[in-house]
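Chemist: The following file, start-v8.cif, comprises mmCIF, C-alpha atoms:
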data_start
#
loop_
_atom_site.label_atom_id
_atom_site.label_comp_id
_atom_site.auth_asym_id
_atom_site.auth_seq_id
_atom_site.Cartn_x
_atom_site.Cartn_y
_atom_site.Cartn_z
CA MET A 1 105.69 9.10 -101.56
CA LYS A 2 103.89 5.83 -101.67
CA ARG A 3 104.63 3.38 -98.94
CA ARG A 4 105.74 0.05 -100.30
CA LEU A 5 105.69 -3.31 -98.67
CA HIS A 6 109.27 -4.29 -99.38
CA TYR A 7 112.37 -2.27 -100.14
CA THR A 8 115.70 -3.54 -101.36
CA GLU A 9 118.67 -3.41 -99.03
CA ALA A 10 120.32 -0.70 -101.12
CA GLU A 11 117.19 1.46 -101.05
CA LEU A 12 116.89 1.10 -97.31
CA ILE A 13 120.51 2.00 -96.68
CA LYS A 14 120.38 5.01 -98.95
CA GLY A 15 117.06 6.18 -97.59
CA CYS A 16 118.15 5.86 -93.98
CA GLN A 17 121.41 7.64 -94.67
CA LYS A 18 119.35 10.54 -95.96
CA GLY A 19 117.27 10.44 -92.85
CA SER A 20 114.07 9.45 -94.57
CA GLY A 21 111.53 8.51 -91.94
CA LEU A 22 109.76 6.27 -94.40
CA HIS A 23 112.87 4.20 -95.00
CA GLN A 24 113.79 4.11 -91.36
CA GLN A 25 110.44 2.67 -90.50
CA ALA A 26 110.66 0.21 -93.38
CA LEU A 27 114.09 -0.96 -92.22
CA TYR A 28 112.76 -1.56 -88.76
CA GLN A 29 109.74 -3.41 -90.17
CA GLN A 30 111.90 -5.69 -92.27
CA TYR A 31 114.58 -6.56 -89.74
CA HIS A 32 113.29 -6.13 -86.23
CA ARG A 33 111.75 -9.54 -85.74
CA LYS A 34 114.80 -11.45 -86.82
CA MET A 35 116.95 -9.21 -84.65
CA PHE A 36 114.61 -9.70 -81.74
CA GLY A 37 115.36 -13.39 -82.07
CA VAL A 38 119.06 -12.59 -81.81
CA CYS A 39 118.50 -10.41 -78.74
CA LEU A 40 116.48 -13.13 -77.04
CA ARG A 41 119.40 -15.50 -77.27
CA TYR A 42 121.84 -13.05 -75.73
CA THR A 43 119.63 -11.94 -72.88
CA ASN A 44 118.00 -14.02 -70.20
CA LYS A 45 114.54 -12.55 -70.32
CA GLN A 46 112.11 -11.01 -72.77
CA GLU A 47 112.09 -7.58 -71.12
CA ASP A 48 115.86 -7.22 -71.40
CA ALA A 49 115.72 -8.40 -74.99
CA GLU A 50 113.20 -5.68 -75.85
CA ASP A 51 115.30 -2.98 -74.20
CA VAL A 52 118.36 -4.16 -76.05
CA LEU A 53 116.49 -4.28 -79.36
CA GLN A 54 115.34 -0.72 -78.96
CA GLU A 55 118.76 0.57 -77.93
CA ALA A 56 120.43 -1.30 -80.74
CA PHE A 57 118.12 -0.02 -83.45
CA ILE A 58 118.69 3.52 -82.30
CA LYS A 59 122.39 2.82 -82.78
CA VAL A 60 121.73 1.35 -86.21
CA PHE A 61 120.02 4.52 -87.39
CA LYS A 62 122.52 6.83 -85.78
CA HIS A 63 125.49 5.02 -87.29
CA ILE A 64 123.97 4.12 -90.64
CA ASN A 65 126.35 6.50 -92.39
CA GLY A 66 129.20 4.41 -91.07
CA PHE A 67 128.10 1.36 -93.00
CA ARG A 68 130.53 1.22 -95.86
CA GLY A 69 128.80 -1.49 -97.84
CA ASN A 70 131.60 -3.96 -97.33
CA GLY A 71 129.95 -7.12 -96.14
CA SER A 72 126.42 -8.09 -95.33
CA PHE A 73 124.09 -5.38 -94.14
CA GLU A 74 122.15 -7.85 -92.04
CA GLY A 75 125.41 -9.01 -90.52
CA TRP A 76 126.23 -5.41 -89.65
CA ILE A 77 122.89 -4.95 -87.91
CA ARG A 78 123.33 -8.27 -86.15
CA ARG A 79 126.70 -7.23 -84.78
CA ILE A 80 125.16 -4.10 -83.35
CA MET A 81 122.54 -6.27 -81.65
CA VAL A 82 125.22 -8.50 -80.17
CA HIS A 83 127.38 -5.60 -78.99
CA THR A 84 124.45 -3.82 -77.43
CA SER A 85 123.35 -6.89 -75.50
CA ILE A 86 126.87 -7.49 -74.28
CA GLU A 87 127.13 -3.88 -73.13
CA HIS A 88 123.78 -4.22 -71.43
CA TYR A 89 125.22 -6.82 -69.08
CA ARG A 90 128.74 -5.49 -68.87
CA LYS A 91 127.37 -2.29 -67.38
CA ARG A 92 125.61 -4.20 -64.66
CA SER A 93 128.10 -6.75 -63.54
CA ARG A 94 131.78 -6.52 -62.76
CA TYR A 95 132.03 -10.25 -63.06
CA PHE A 96 130.66 -10.36 -66.51
CA MET A 97 133.55 -12.31 -67.95
CA VAL A 98 136.25 -13.58 -65.66
CA ASP A 99 139.21 -15.68 -66.60
CA ILE A 100 138.59 -19.29 -65.77
CA ASP A 101 140.53 -22.45 -66.22
CA GLN A 102 139.74 -24.56 -69.18
CA ALA A 103 137.34 -27.32 -68.28
CA ASN A 104 137.42 -30.78 -69.73
CA GLU A 105 136.02 -30.86 -73.19
CA VAL A 106 132.56 -32.31 -73.37
CA GLU A 107 130.41 -32.87 -76.39
CA LEU A 108 126.72 -32.32 -76.62
CA ASP A 109 124.44 -35.09 -77.74
CA ALA A 110 123.63 -34.21 -81.31
CA ASP A 111 120.65 -36.55 -81.56
CA GLN A 112 119.06 -35.23 -78.45
CA LEU A 113 119.67 -31.71 -79.58
CA SER A 114 117.99 -32.23 -82.93
CA GLU A 115 114.98 -33.70 -81.18
CA MET A 116 114.52 -30.65 -79.03
CA SER A 117 112.31 -27.77 -80.11
CA ARG A 118 113.73 -24.34 -80.75
CA ASP A 119 111.96 -22.90 -77.73
CA GLU A 120 113.38 -25.60 -75.50
CA ILE A 121 116.89 -24.86 -76.70
CA LEU A 122 116.27 -21.13 -76.28
CA ASP A 123 115.19 -21.79 -72.70
CA LEU A 124 118.36 -23.72 -72.03
CA VAL A 125 120.55 -21.02 -73.51
CA GLN A 126 118.77 -18.26 -71.59
CA GLY A 127 119.31 -20.25 -68.42
CA LEU A 128 123.08 -20.04 -68.76
CA PRO A 129 125.08 -17.46 -66.84
CA THR A 130 125.62 -14.35 -68.97
CA GLY A 131 129.29 -14.89 -69.75
CA TYR A 132 128.83 -18.49 -70.85
CA ARG A 133 125.69 -17.63 -72.75
CA THR A 134 127.42 -14.85 -74.70
CA VAL A 135 130.38 -16.93 -75.77
CA PHE A 136 128.22 -19.94 -76.55
CA ASN A 137 126.00 -17.85 -78.82
CA LEU A 138 128.93 -16.19 -80.54
CA TYR A 139 130.78 -19.41 -81.20
CA ALA A 140 128.14 -22.05 -81.71
CA ILE A 141 125.35 -20.04 -83.35
CA GLU A 142 126.87 -16.88 -84.78
CA GLY A 143 129.94 -18.86 -85.77
CA TYR A 144 132.68 -16.43 -84.80
CA PRO A 145 136.14 -17.93 -84.12
CA HIS A 146 137.53 -17.61 -80.60
CA LYS A 147 140.05 -15.03 -81.72
CA GLU A 148 137.33 -12.65 -82.88
CA ILE A 149 135.24 -13.33 -79.82
CA ALA A 150 138.19 -12.48 -77.63
CA GLU A 151 138.70 -9.20 -79.46
CA MET A 152 135.02 -8.35 -79.35
CA LEU A 153 134.70 -8.98 -75.64
CA GLY A 154 138.10 -7.74 -74.60
CA ILE A 155 139.18 -11.07 -73.16
CA SER A 156 141.89 -13.55 -73.92
CA VAL A 157 141.42 -16.36 -76.39
CA GLY A 158 141.91 -18.79 -73.52
CA THR A 159 139.08 -17.22 -71.58
CA SER A 160 136.84 -17.43 -74.58
CA LYS A 161 137.58 -21.10 -74.99
CA SER A 162 137.03 -21.93 -71.34
CA GLN A 163 133.81 -19.93 -71.18
CA PHE A 164 132.65 -21.99 -74.09
CA SER A 165 133.57 -25.37 -72.61
CA ARG A 166 131.88 -24.44 -69.34
CA ALA A 167 128.79 -23.51 -71.31
CA LYS A 168 128.75 -26.84 -73.06
CA ALA A 169 129.21 -28.72 -69.81
CA LEU A 170 126.30 -26.94 -68.19
CA LEU A 171 124.10 -27.51 -71.19
CA LYS A 172 124.96 -31.15 -71.26
CA GLU A 173 124.01 -31.45 -67.59
CA LYS A 174 120.68 -29.79 -68.17
CA MET A 175 119.96 -31.86 -71.23
CA GLU A 176 120.75 -35.06 -69.40
CA SER A 177 118.51 -34.20 -66.48
CA GLN A 178 115.73 -33.39 -68.92
CA ASN A 179 116.27 -36.67 -70.64
CA GLN A 180 116.14 -38.53 -67.37
CA PHE A 181 112.95 -36.76 -66.47
CA LEU A 182 111.40 -37.73 -69.76
CA VAL A 183 112.55 -41.30 -69.43
CA LYS A 184 111.13 -41.53 -65.92
CA SER A 185 107.76 -40.13 -66.85
CA SER A 186 107.24 -42.22 -69.94
CA MET B 1 132.66 -28.37 -81.28
CA SER B 2 131.49 -30.74 -83.92
CA LYS B 3 130.10 -29.31 -87.11
CA ASP B 4 126.92 -31.25 -86.51
CA ILE B 5 126.12 -29.42 -83.31
CA LYS B 6 126.75 -26.05 -84.90
CA ASN B 7 124.63 -26.93 -87.91
CA ILE B 8 121.81 -28.23 -85.76
CA LEU B 9 121.78 -25.12 -83.63
CA GLN B 10 121.96 -22.78 -86.59
CA GLU B 11 119.15 -24.63 -88.28
CA LYS B 12 116.98 -24.47 -85.21
CA PHE B 13 117.27 -20.70 -85.07
CA GLU B 14 116.89 -20.21 -88.79
CA GLY B 15 113.84 -18.09 -89.50
CA PHE B 16 113.35 -17.35 -85.82
CA GLU B 17 111.36 -14.11 -85.97
CA PRO B 18 109.51 -13.54 -82.71
CA GLN B 19 107.39 -10.50 -82.06
CA PRO B 20 108.22 -8.12 -79.22
CA THR B 21 105.38 -7.66 -76.78
CA ARG B 22 105.48 -3.87 -76.71
CA ASN B 23 105.67 -1.26 -79.45
CA LEU B 24 109.32 -0.30 -79.55
CA TRP B 25 109.22 1.77 -82.73
CA ALA B 26 107.76 4.81 -80.98
CA GLY B 27 110.74 5.01 -78.66
CA ILE B 28 113.18 4.52 -81.51
CA GLU B 29 111.54 7.14 -83.69
CA ALA B 30 111.58 9.65 -80.85
CA GLU B 31 115.32 9.23 -80.51
CA ILE B 32 116.18 9.47 -84.19
CA GLN B 33 113.56 12.04 -85.17
CA PRO B 34 115.58 15.25 -84.71
CA ARG B 35 117.67 14.12 -87.62
CA ARG B 36 114.63 13.93 -89.85
CA ARG B 37 113.91 17.62 -89.51
CA ILE B 38 117.12 18.69 -91.15
CA ALA B 39 115.92 18.18 -94.69
CA PRO B 40 112.61 20.05 -94.80
CA VAL B 41 113.70 23.18 -92.90
CA TRP B 42 114.18 25.26 -96.03
CA TRP B 43 110.64 24.39 -97.03
CA TYR B 44 109.26 25.79 -93.78
CA ALA B 45 111.35 28.92 -94.22
CA ALA B 46 109.92 29.38 -97.70
CA ALA B 47 106.37 28.90 -96.40
CA ALA B 48 107.09 31.44 -93.69
CA ALA B 49 108.45 33.94 -96.19
CA VAL B 50 105.34 33.64 -98.31
CA ALA B 51 103.07 33.99 -95.30
CA ILE B 52 104.82 37.14 -94.12
CA LEU B 53 104.89 38.73 -97.55
CA LEU B 54 101.27 37.83 -97.99
CA THR B 55 100.44 39.62 -94.76
CA VAL B 56 102.25 42.68 -95.97
CA ALA B 57 100.72 42.57 -99.40
CA LEU B 58 97.17 42.40 -98.12
CA TRP B 59 97.70 45.11 -95.58
CA PRO B 60 95.59 48.12 -96.60
CA GLY B 61 97.69 50.68 -94.75
CA GLN B 62 98.59 53.86 -96.63
CA GLU B 63 97.82 54.99 -100.12
CA GLN B 64 100.24 52.72 -101.83
CA PRO B 65 98.78 49.46 -100.62
CA LEU B 66 95.55 50.65 -102.17
CA GLN B 67 97.28 50.65 -105.45
CA SER B 68 98.17 47.05 -105.01
CA GLY B 69 94.65 46.44 -103.81
CA PRO B 70 93.07 47.60 -107.05
CA ALA B 71 95.53 45.49 -108.93
CA LEU B 72 94.28 42.60 -106.92
CA ALA B 73 90.67 43.54 -107.41
CA ASN B 74 91.24 44.43 -111.03
CA GLN B 75 92.49 41.01 -111.75
CA SER B 76 89.33 39.67 -110.22
CA ASP B 77 87.34 41.38 -112.95
CA SER B 78 88.86 39.14 -115.49
CA LEU B 79 88.74 36.13 -113.26
CA ASP B 80 85.66 34.42 -112.05
CA ALA B 81 84.41 36.23 -108.96
CA SER B 82 83.63 32.94 -107.32
CA GLN B 83 87.30 32.13 -107.12
CA PRO B 84 88.54 34.61 -104.58
CA GLU B 85 91.26 32.29 -103.39
CA GLN B 86 93.06 32.48 -106.67
CA VAL B 87 93.05 36.25 -106.93
CA PRO B 88 95.00 37.15 -103.84
CA ALA B 89 97.36 34.36 -104.62
CA ILE B 90 98.60 36.20 -107.64
CA LEU B 91 99.68 39.23 -105.68
CA PRO B 92 101.89 37.42 -103.23
CA GLU B 93 103.65 35.80 -106.11
CA GLU B 94 104.67 39.14 -107.45
CA THR B 95 105.66 40.37 -104.04
CA VAL B 96 107.55 37.16 -103.55
CA ALA B 97 109.29 37.90 -106.79
CA GLN B 98 110.16 41.31 -105.45
CA ALA B 99 111.35 39.66 -102.32
CA LEU B 100 113.43 37.22 -104.26
CA VAL B 101 114.98 40.07 -106.18
CA PRO B 102 116.44 42.18 -103.39
CA GLN B 103 117.34 39.84 -100.56
CA LYS B 104 117.03 36.29 -99.50
CA THR B 105 118.46 36.50 -96.00
CA ARG B 106 116.31 36.63 -92.92
CA PRO B 107 117.12 40.26 -92.07
CA GLY B 108 115.95 40.91 -95.58
CA LYS B 109 112.56 39.47 -94.81
CA HIS B 110 112.13 41.82 -91.92
CA SER B 111 113.18 44.90 -93.79
CA LEU B 112 111.13 44.07 -96.85
CA PRO B 113 107.83 45.20 -95.36
CA GLN B 114 109.43 48.59 -94.91
CA ASN B 115 110.48 48.71 -98.54
CA THR B 116 107.13 47.80 -99.99
CA ARG B 117 105.38 50.30 -97.82
CA GLN B 118 107.48 53.20 -98.93
CA GLN B 119 107.39 52.51 -102.62
CA PRO B 120 104.12 52.51 -104.42
CA ALA B 121 103.35 49.05 -105.59
CA PRO B 122 102.73 49.76 -109.28
CA ARG B 123 106.03 51.53 -109.59
CA SER B 124 107.89 48.64 -108.13
CA LEU B 125 105.99 46.37 -110.38
CA GLU B 126 106.81 48.33 -113.46
CA THR B 127 110.41 49.01 -112.61
CA PRO B 128 111.83 45.60 -113.33
CA THR B 129 111.83 45.03 -117.01
CA GLN B 130 109.60 42.40 -118.36
CA GLU B 131 112.49 40.14 -119.14
CA GLU B 132 113.83 40.52 -115.64
CA ALA B 133 110.54 40.05 -113.94
CA THR B 134 109.43 37.14 -116.02
CA PRO B 135 111.89 34.45 -114.99
CA ARG B 136 111.81 35.31 -111.32
CA ILE B 137 108.10 35.46 -111.02
CA HIS B 138 107.78 32.39 -113.10
CA VAL B 139 110.05 30.64 -110.65
CA ALA B 140 107.98 31.93 -107.80
CA ALA B 141 104.87 30.79 -109.56
CA ILE B 142 106.27 27.32 -109.89
CA LYS B 143 107.73 27.07 -106.48
CA LEU B 144 105.31 28.77 -104.23
CA PRO B 145 101.82 29.14 -105.63
CA ALA B 146 100.68 25.99 -103.90
CA LEU B 147 101.85 27.38 -100.62
CA SER B 148 100.29 30.78 -101.15
CA THR B 149 97.03 29.18 -102.22
CA ILE B 150 97.01 26.94 -99.22
CA SER B 151 97.84 29.73 -96.86
CA LEU B 152 95.09 31.84 -98.35
CA THR B 153 92.43 29.22 -98.31
CA ASN B 154 93.28 28.77 -94.69
CA ALA B 155 93.35 32.48 -94.06
CA ALA B 156 90.19 33.43 -95.92
CA PRO B 157 87.60 31.55 -93.86
CA GLU B 158 89.31 32.60 -90.69
CA ILE B 159 88.98 36.33 -91.35
CA PRO B 160 85.74 37.26 -89.64
CA PRO B 161 83.30 39.12 -91.86
CA THR B 162 82.66 41.59 -89.08
CA SER B 163 86.23 42.82 -88.86
CA THR B 164 86.58 46.56 -88.98
CA ALA B 165 86.96 48.11 -92.35
CA SER B 166 89.07 51.07 -91.28
CA ALA B 167 92.69 51.25 -92.24
CA PRO B 168 94.77 49.70 -89.47
CA ALA B 169 97.47 51.58 -87.65
CA PRO B 170 100.52 51.89 -89.81
CA GLU B 171 102.91 50.75 -87.09
CA LYS B 172 104.44 47.63 -88.41
CA LYS B 173 104.27 44.75 -86.03
CA ASN B 174 107.79 43.81 -86.77
CA LEU B 175 108.28 42.52 -83.27
CA LEU B 176 105.99 39.67 -84.05
CA TYR B 177 108.30 38.42 -86.72
CA LYS B 178 111.61 39.33 -85.17
CA ASP B 179 111.04 37.26 -82.11
CA ILE B 180 110.07 34.19 -83.95
CA LYS B 181 112.55 31.80 -85.44
CA LEU B 182 110.79 30.73 -88.56
CA SER B 183 112.97 27.71 -89.07
CA GLU B 184 111.70 26.30 -85.83
CA LEU B 185 108.08 26.60 -86.80
CA ASP B 186 106.10 24.08 -88.70
CA PRO B 187 104.08 25.31 -91.68
CA ILE B 188 100.77 25.00 -89.89
CA THR B 189 101.94 27.34 -87.14
CA VAL B 190 103.29 29.75 -89.72
CA VAL B 191 100.07 29.78 -91.64
CA SER B 192 97.92 30.29 -88.57
CA LEU B 193 100.34 33.01 -87.51
CA ALA B 194 99.77 34.78 -90.78
CA SER B 195 96.02 34.53 -90.50
CA GLU B 196 96.11 35.73 -86.89
CA THR B 197 98.09 38.72 -88.01
CA LEU B 198 95.55 39.44 -90.68
CA ASP B 199 92.83 39.37 -88.06
CA GLU B 200 94.75 41.74 -85.84
CA LEU B 201 95.31 44.14 -88.66
CA GLY B 202 91.63 44.15 -89.47
CA VAL B 203 92.15 42.99 -92.97
CA ARG B 204 88.94 42.33 -94.72
CA SER B 205 88.30 39.26 -96.76
CA PRO B 206 89.62 39.57 -100.29
CA VAL B 207 86.15 39.20 -101.75
CA ARG B 208 84.67 42.04 -99.76
CA TYR B 209 87.64 44.21 -100.47
CA GLN B 210 87.29 43.66 -104.17
CA LEU B 211 83.60 44.53 -104.13
CA GLU B 212 84.20 47.71 -102.19
CA LYS B 213 86.92 48.93 -104.46
CA GLN B 214 85.31 48.26 -107.80
CA GLU B 215 84.54 51.95 -108.34
CA GLU B 216 88.17 52.86 -108.00
CA LEU B 217 89.15 49.98 -110.18
CA LYS B 218 87.27 51.24 -113.16
CA GLN B 219 89.12 54.52 -112.93
CA LYS B 220 92.48 52.91 -112.79
CA LYS B 221 91.71 50.02 -115.04
CA SER B 222 93.57 51.26 -118.04
CA ARG B 223 96.64 51.88 -115.97
CA PHE B 224 96.60 48.42 -114.56
CA GLU B 225 95.83 46.60 -117.69
CA LEU B 226 99.43 47.17 -118.55
CA VAL B 227 100.46 45.59 -115.30
CA LEU B 228 97.99 42.82 -115.80
CA GLY B 229 99.41 42.13 -119.18
CA LYS B 230 102.81 41.58 -117.69
CA PHE B 231 101.44 39.08 -115.28
CA SER B 232 98.99 37.31 -117.46
CA PHE B 233 101.19 34.28 -117.60
CA THR B 234 100.81 33.86 -113.87
CA HIS B 235 97.14 33.46 -114.49
CA THR B 236 97.88 30.65 -116.86
CA THR B 237 100.31 28.88 -114.63
CA HIS B 238 98.07 29.32 -111.68
CA ARG B 239 95.02 28.03 -113.47
CA ASP B 240 96.89 25.13 -114.87
CA MET B 241 97.55 23.92 -111.39
#
Take the structure in the file and give it back as structure tokens.
Modeler:
Amino acid sequence: MKRRLHYTEAELIKGCQKGSGLHQQALYQQYHRKMFGVCLRYTNKQEDAEDVLQEAFIKVFKHINGFRGNGSFEGWIRRIMVHTSIEHYRKRSRYFMVDIDQANEVELDADQLSEMSRDEILDLVQGLPTGYRTVFNLYAIEGYPHKEIAEMLGISVGTSKSQFSRAKALLKEKMESQNQFLVKSS
Amino acid sequence: MSKDIKNILQEKFEGFEPQPTRNLWAGIEAEIQPRRRIAPVWWYAAAAAVAILLTVALWPGQEQPLQSGPALANQSDSLDASQPEQVPAILPEETVAQALVPQKTRPGKHSLPQNTRQQPAPRSLETPTQEEATPRIHVAAIKLPALSTISLTNAAPEIPPTSTASAPAPEKKNLLYKDIKLSELDPITVVSLASETLDELGVRSPVRYQLEKQEELKQKKSRFELVLGKFSFTHTTHRDM
């Protein structure tokens, strides 16, 4: 069988469900970098992100037969990435996601944010505590509503909302201190 | 959260495709690989069956294998002598056909060597009617000639020219096959197993064997031309490959 550069989603799914090594490798080739980007956001260092990526892809191939074709395939893979990275931290810390009181709502500075580079934002996000980071990613970047986040993480909707506000507050602090630094040095 | 912020963030991470620093695929493949083996197992079993039957077919034990030997050598008369690989390949196809006729189960494979030893080869060749034999052998010719050719081209150079010419002990080394689970072997192991067995049994190279038996061939030629006629189509299919 000739190795091709690009396979369609349907071909990949079918091939992997049959256990074709060729298709499995092609699937990994086509999706792993994007998914690594996802893992980087949910973990706080590169090493953890790589471990999670590996674990998650193993799950993808083992559960490929469970993909029913309803919904986006990439979205399905992405969810596995997210779940695996959450599990990665849940296993390590009892205090992964504790109920907290809702903080005052703050808003991030949109202008400042758009000025920042992607790597700078990634740094900020990775600097957040795991619980805040997870909810922030799920809500602000993945775009899940709080209800789904709560279900996914096994927490209350209230906890999800407060985790999110705390995340925003922290980010705002960091962004402001950065801004001040920049202002001072210019 | 304002839509702006969400949009900005999503935009920033759009097309974010970083490269991991280490090769993770190896670890992934290792974990998922056992699943990959499920599909080709039957193929390995078929290769193993051919290799075993080949070993039996080329085994110059008692009188009756000699009869299959001349058939082998006789066919070489009509074929180019410089193509020894093709000649033995024809025989295993017919023995494979015989194998396909009686049993297909693994116990069958073990007991088959016993069967072919006790019956003279020409008789078992002539017993199935031409119509019966034709489709099965044809199937075998389609399915397995590549394997038998490969296994022979591997086996032939490995058989040392100095191996003893005497007939090997008739005790069948069934233990060798019984203890091995063919489905767990890869084809390369199976093939080298077959060639090792040939070495142990002191089987001569097909070319040498043909040359030595040419006298006998001429005597039995007329008898085997009939047989040859039945199998002439295998020549065609084999050559066409």
Chemist: Could you list the residues chosen by the PyMOL selection byres ((chain B) within 8 of (chain A)) in this structure as a PyMOL selection string?
Modeler: chain B and resi 1-2+4-6+8-10+12-13+15-20+22+24-25+27-28+31-33+35-36
Chemist: If you apply the PyMOL selection byres ((chain A and resi 147-163) around 12) to this file, what residues do you get, as a ChimeraX atom specification?
Modeler: /A:79-80,82-87,89-90,96-106,128-140,142-146,164-170 /B:1
Chemist: Give the answer as one residue: which of B:Glu29, B:Thr21, B:Glu14, B:Trp59 has the shortest atom-to-atom distance to A:Leu22, using all atoms listed in the file?
Modeler: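 Once distances to A:Leu22 are computed over all atoms listed in the file, the minimum belongs to B:Glu29.
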Chemist: What lies within 8 Å of stretch 5-14 of chain A using all atoms listed in the file, ignoring chain neighbours under 5 positions off, as number ranges by chain?
Modeler: A: 23-24, 26-27, 30, 64, 73
Chemist: What does the distance between atom CA of A:Asn44 and atom CA of A:Lys172 come to in Å, to one decimal place?
Modeler: 18.5 Å
Chemist: How many Å lie between atom CA of A:Met175 and atom CA of A:Gln126, rounded to one decimal?
Modeler: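 Between these atoms lies a distance of 13.7 Å.
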Chemist: One decimal, Å: what's the distance from atom CA of A:Trp76 over to atom CA of B:Glu11, could you say?
Modeler: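 Between atom CA of A:Trp76 and atom CA of B:Glu11 the gap is 20.5 Å.
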Chemist: Output stretch 149-162 of chain A as a PDB file, in the frame of the given file, making sure N, CA and C atoms are there.
Modeler:
ATOM      1  N   ILE A 149     136.040 -13.481 -81.038  1.00  0.00           N
ATOM      2  CA  ILE A 149     135.240 -13.330 -79.820  1.00  0.00           C
ATOM      3  C   ILE A 149     136.066 -12.638 -78.747  1.00  0.00           C
ATOM      4  N   ALA A 150     137.304 -13.073 -78.627  1.00  0.00           N
ATOM      5  CA  ALA A 150     138.190 -12.480 -77.630  1.00  0.00           C
ATOM      6  C   ALA A 150     138.353 -10.991 -77.866  1.00  0.00           C
ATOM      7  N   GLU A 151     138.548 -10.618 -79.120  1.00  0.00           N
ATOM      8  CA  GLU A 151     138.700  -9.200 -79.460  1.00  0.00           C
ATOM      9  C   GLU A 151     137.438  -8.419 -79.138  1.00  0.00           C
ATOM     10  N   MET A 152     136.312  -9.016 -79.533  1.00  0.00           N
ATOM     11  CA  MET A 152     135.020  -8.350 -79.350  1.00  0.00           C
ATOM     12  C   MET A 152     134.736  -8.097 -77.878  1.00  0.00           C
ATOM     13  N   LEU A 153     135.058  -9.076 -77.050  1.00  0.00           N
ATOM     14  CA  LEU A 153     134.700  -8.980 -75.640  1.00  0.00           C
ATOM     15  C   LEU A 153     135.836  -8.416 -74.786  1.00  0.00           C
ATOM     16  N   GLY A 154     136.973  -8.254 -75.361  1.00  0.00           N
ATOM     17  CA  GLY A 154     138.100  -7.740 -74.600  1.00  0.00           C
ATOM     18  C   GLY A 154     138.627  -8.759 -73.609  1.00  0.00           C
ATOM     19  N   ILE A 155     138.644 -10.002 -74.019  1.00  0.00           N
ATOM     20  CA  ILE A 155     139.180 -11.070 -73.160  1.00  0.00           C
ATOM     21  C   ILE A 155     140.233 -11.834 -73.923  1.00  0.00           C
ATOM     22  N   SER A 156     140.873 -12.740 -73.246  1.00  0.00           N
ATOM     23  CA  SER A 156     141.890 -13.550 -73.920  1.00  0.00           C
ATOM     24  C   SER A 156     141.209 -14.696 -74.668  1.00  0.00           C
ATOM     25  N   VAL A 157     141.941 -15.226 -75.635  1.00  0.00           N
ATOM     26  CA  VAL A 157     141.420 -16.360 -76.390  1.00  0.00           C
ATOM     27  C   VAL A 157     141.158 -17.540 -75.460  1.00  0.00           C
ATOM     28  N   GLY A 158     142.057 -17.710 -74.505  1.00  0.00           N
ATOM     29  CA  GLY A 158     141.910 -18.790 -73.520  1.00  0.00           C
ATOM     30  C   GLY A 158     140.620 -18.676 -72.741  1.00  0.00           C
ATOM     31  N   THR A 159     140.316 -17.441 -72.334  1.00  0.00           N
ATOM     32  CA  THR A 159     139.080 -17.220 -71.580  1.00  0.00           C
ATOM     33  C   THR A 159     137.876 -17.553 -72.440  1.00  0.00           C
ATOM     34  N   SER A 160     137.946 -17.142 -73.671  1.00  0.00           N
ATOM     35  CA  SER A 160     136.840 -17.430 -74.580  1.00  0.00           C
ATOM     36  C   SER A 160     136.622 -18.933 -74.697  1.00  0.00           C
ATOM     37  N   LYS A 161     137.691 -19.653 -74.850  1.00  0.00           N
ATOM     38  CA  LYS A 161     137.580 -21.100 -74.990  1.00  0.00           C
ATOM     39  C   LYS A 161     137.027 -21.748 -73.730  1.00  0.00           C
ATOM     40  N   SER A 162     137.525 -21.317 -72.591  1.00  0.00           N
ATOM     41  CA  SER A 162     137.030 -21.930 -71.340  1.00  0.00           C
ATOM     42  C   SER A 162     135.581 -21.565 -71.078  1.00  0.00           C
TER      43      SER A 162
END
